[in-house]
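Reading through the structure tokens given below for one structure.
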Amino acid sequence: MRNTLLSINDQLYRLCIGIAGMSILVMTLIIPWGIFARYVLGSGSSWPEPTAILLMVVFTFFGAAASYRAGAHMAVNMATERMPPRVQHVLSIVVQLLMALICVFMITKGAKLCAGTWNQFVGEMPWLRVGISYLPIPIGGVITLIFVLEKLLLGDQSKRRVMSYDVEEPMEAK
């Protein structure tokens with residue numbers, strides 16, 4: 001059961017990395033087009049800026065979930081590292097519970113934000129509902145909560161070798 005959960009979370013982790021990476025890639029293609037259209041063609045496109053902002057939101061919340069699981073998130077450990085190991089362990093659990101609380105906040109308030117803005121449309125892209133643009137917040141909250149629960153129940157996975165599904169050898173988690 002443990003290996004199945006870790007395997008599912010490995011795939012979810014890779015999905016988050018893929019989504020975040022594609023968001024950055026598409027942003028790097030869209031922003032130069034907006035500059036080219038404005039300064040070379042003489043007429044600015046209305047869609048590159050709001051699209052880049054939406055992609056940055058997607059990158060932020062999916063990338064944050066992946067970096068949390070990888071142990072690459074921001075952490076200030078100066079005070080806790082000077083404490084006895086038992087206190088460090090208790091504080092680690094407290095931190096995970098606080099992270100779970102933040103995730104629940106993101107899920108509930110993000111879902112309310114999506115629902116509250118669902119009938120509004122982005123001005124530059126009238127086919128896109130504002131509520132859809134906020135969906136990465138509750139989705140990122142759910143994924144991060146899954147990774148928090150994984151850390152609480154199955155331990156820290158940031159140093160574990162993530163199994164590769166393409167080859168037979170495990171590869172290092174990055």
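Here, A, B, ... name the chains of the structure tokens in the order displayed, residue numbers run from 1 inside each chain, and ligands are numbered from 1 in the same displayed order.
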
| request: May I have the residues within 12 Å of A:Met106 as a ChimeraX atom specification, using only C-alpha atoms and disregarding those fewer than 2 positions away in the same chain? | output: /A:61,99-104,108-114,134-145

| task | List every residue of stretch 63-142 of chain A that DSSP, applied to the backbone of this structure, places in strand (DSSP E), and write the result as a PyMOL selection string. | result | chain A and resi 121-122+125-129

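With only C-alpha atoms as the atoms that count, the residue of A:Gly63, A:Pro126, A:Gly116, A:Pro85 with the shortest distance to A:Ile19 is A:Gly63.
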
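In this model, the gap between atom CA of A:Phe62 and atom CA of A:Cys16 comes to 5.1 Å.
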
| field | Contacts of A:Ala72 within 9 Å, only C-alpha atoms, excl. fewer than 4 positions in-chain, as a PyMOL selection string | value | chain A and resi 64+66-68+158+174

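You can rank A:Pro50, A:Gly155, A:Gly71, A:Pro84 by their closest distance to A:Met125 using only C-alpha atoms, and at the top of that list sits A:Pro50.
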
| request: With a distance cut-off of 8 Å and only C-alpha atoms, select the neighbouring residues of stretch 29-38 of chain A, excluding the residue or stretch itself and same-chain residues fewer than 5 positions from it, and output the selection as a ChimeraX atom specification. | output: /A:43-45,48-49,51-52

Convert the current residue selection to file output with N, CA and C atoms, as a tab-separated table (two decimals), in the first residue's frame.
chain	number	residue	atom	x	y	z
A	43	SER	N	1.21	47.28	-33.58
A	43	SER	CA	-0.11	47.13	-32.93
A	43	SER	C	0.01	46.02	-31.88
A	44	GLY	N	-0.16	46.40	-30.64
A	44	GLY	CA	-0.02	45.44	-29.56
A	44	GLY	C	-1.17	44.46	-29.50
A	45	SER	N	-0.86	43.22	-29.20
A	45	SER	CA	-1.89	42.20	-28.99
A	45	SER	C	-2.41	42.33	-27.57
A	48	PRO	N	-1.36	38.62	-24.80
A	48	PRO	CA	-0.14	38.07	-24.18
A	48	PRO	C	0.00	38.38	-22.69
A	49	GLU	N	-0.31	39.59	-22.27
A	49	GLU	CA	-0.12	39.93	-20.86
A	49	GLU	C	-1.05	39.15	-19.93
A	51	THR	N	-2.50	36.34	-20.50
A	51	THR	CA	-2.13	34.93	-20.60
A	51	THR	C	-0.88	34.64	-19.79
A	52	ALA	N	0.11	35.54	-19.86
A	52	ALA	CA	1.33	35.37	-19.08
A	52	ALA	C	1.03	35.43	-17.58

| said: Please return, as an NGL selection string, all residues of stretch 120-151 of chain A that DSSP assigns to alpha helix (DSSP H) on the basis of the backbone. | reply: :A and (130-133 or 136-151)
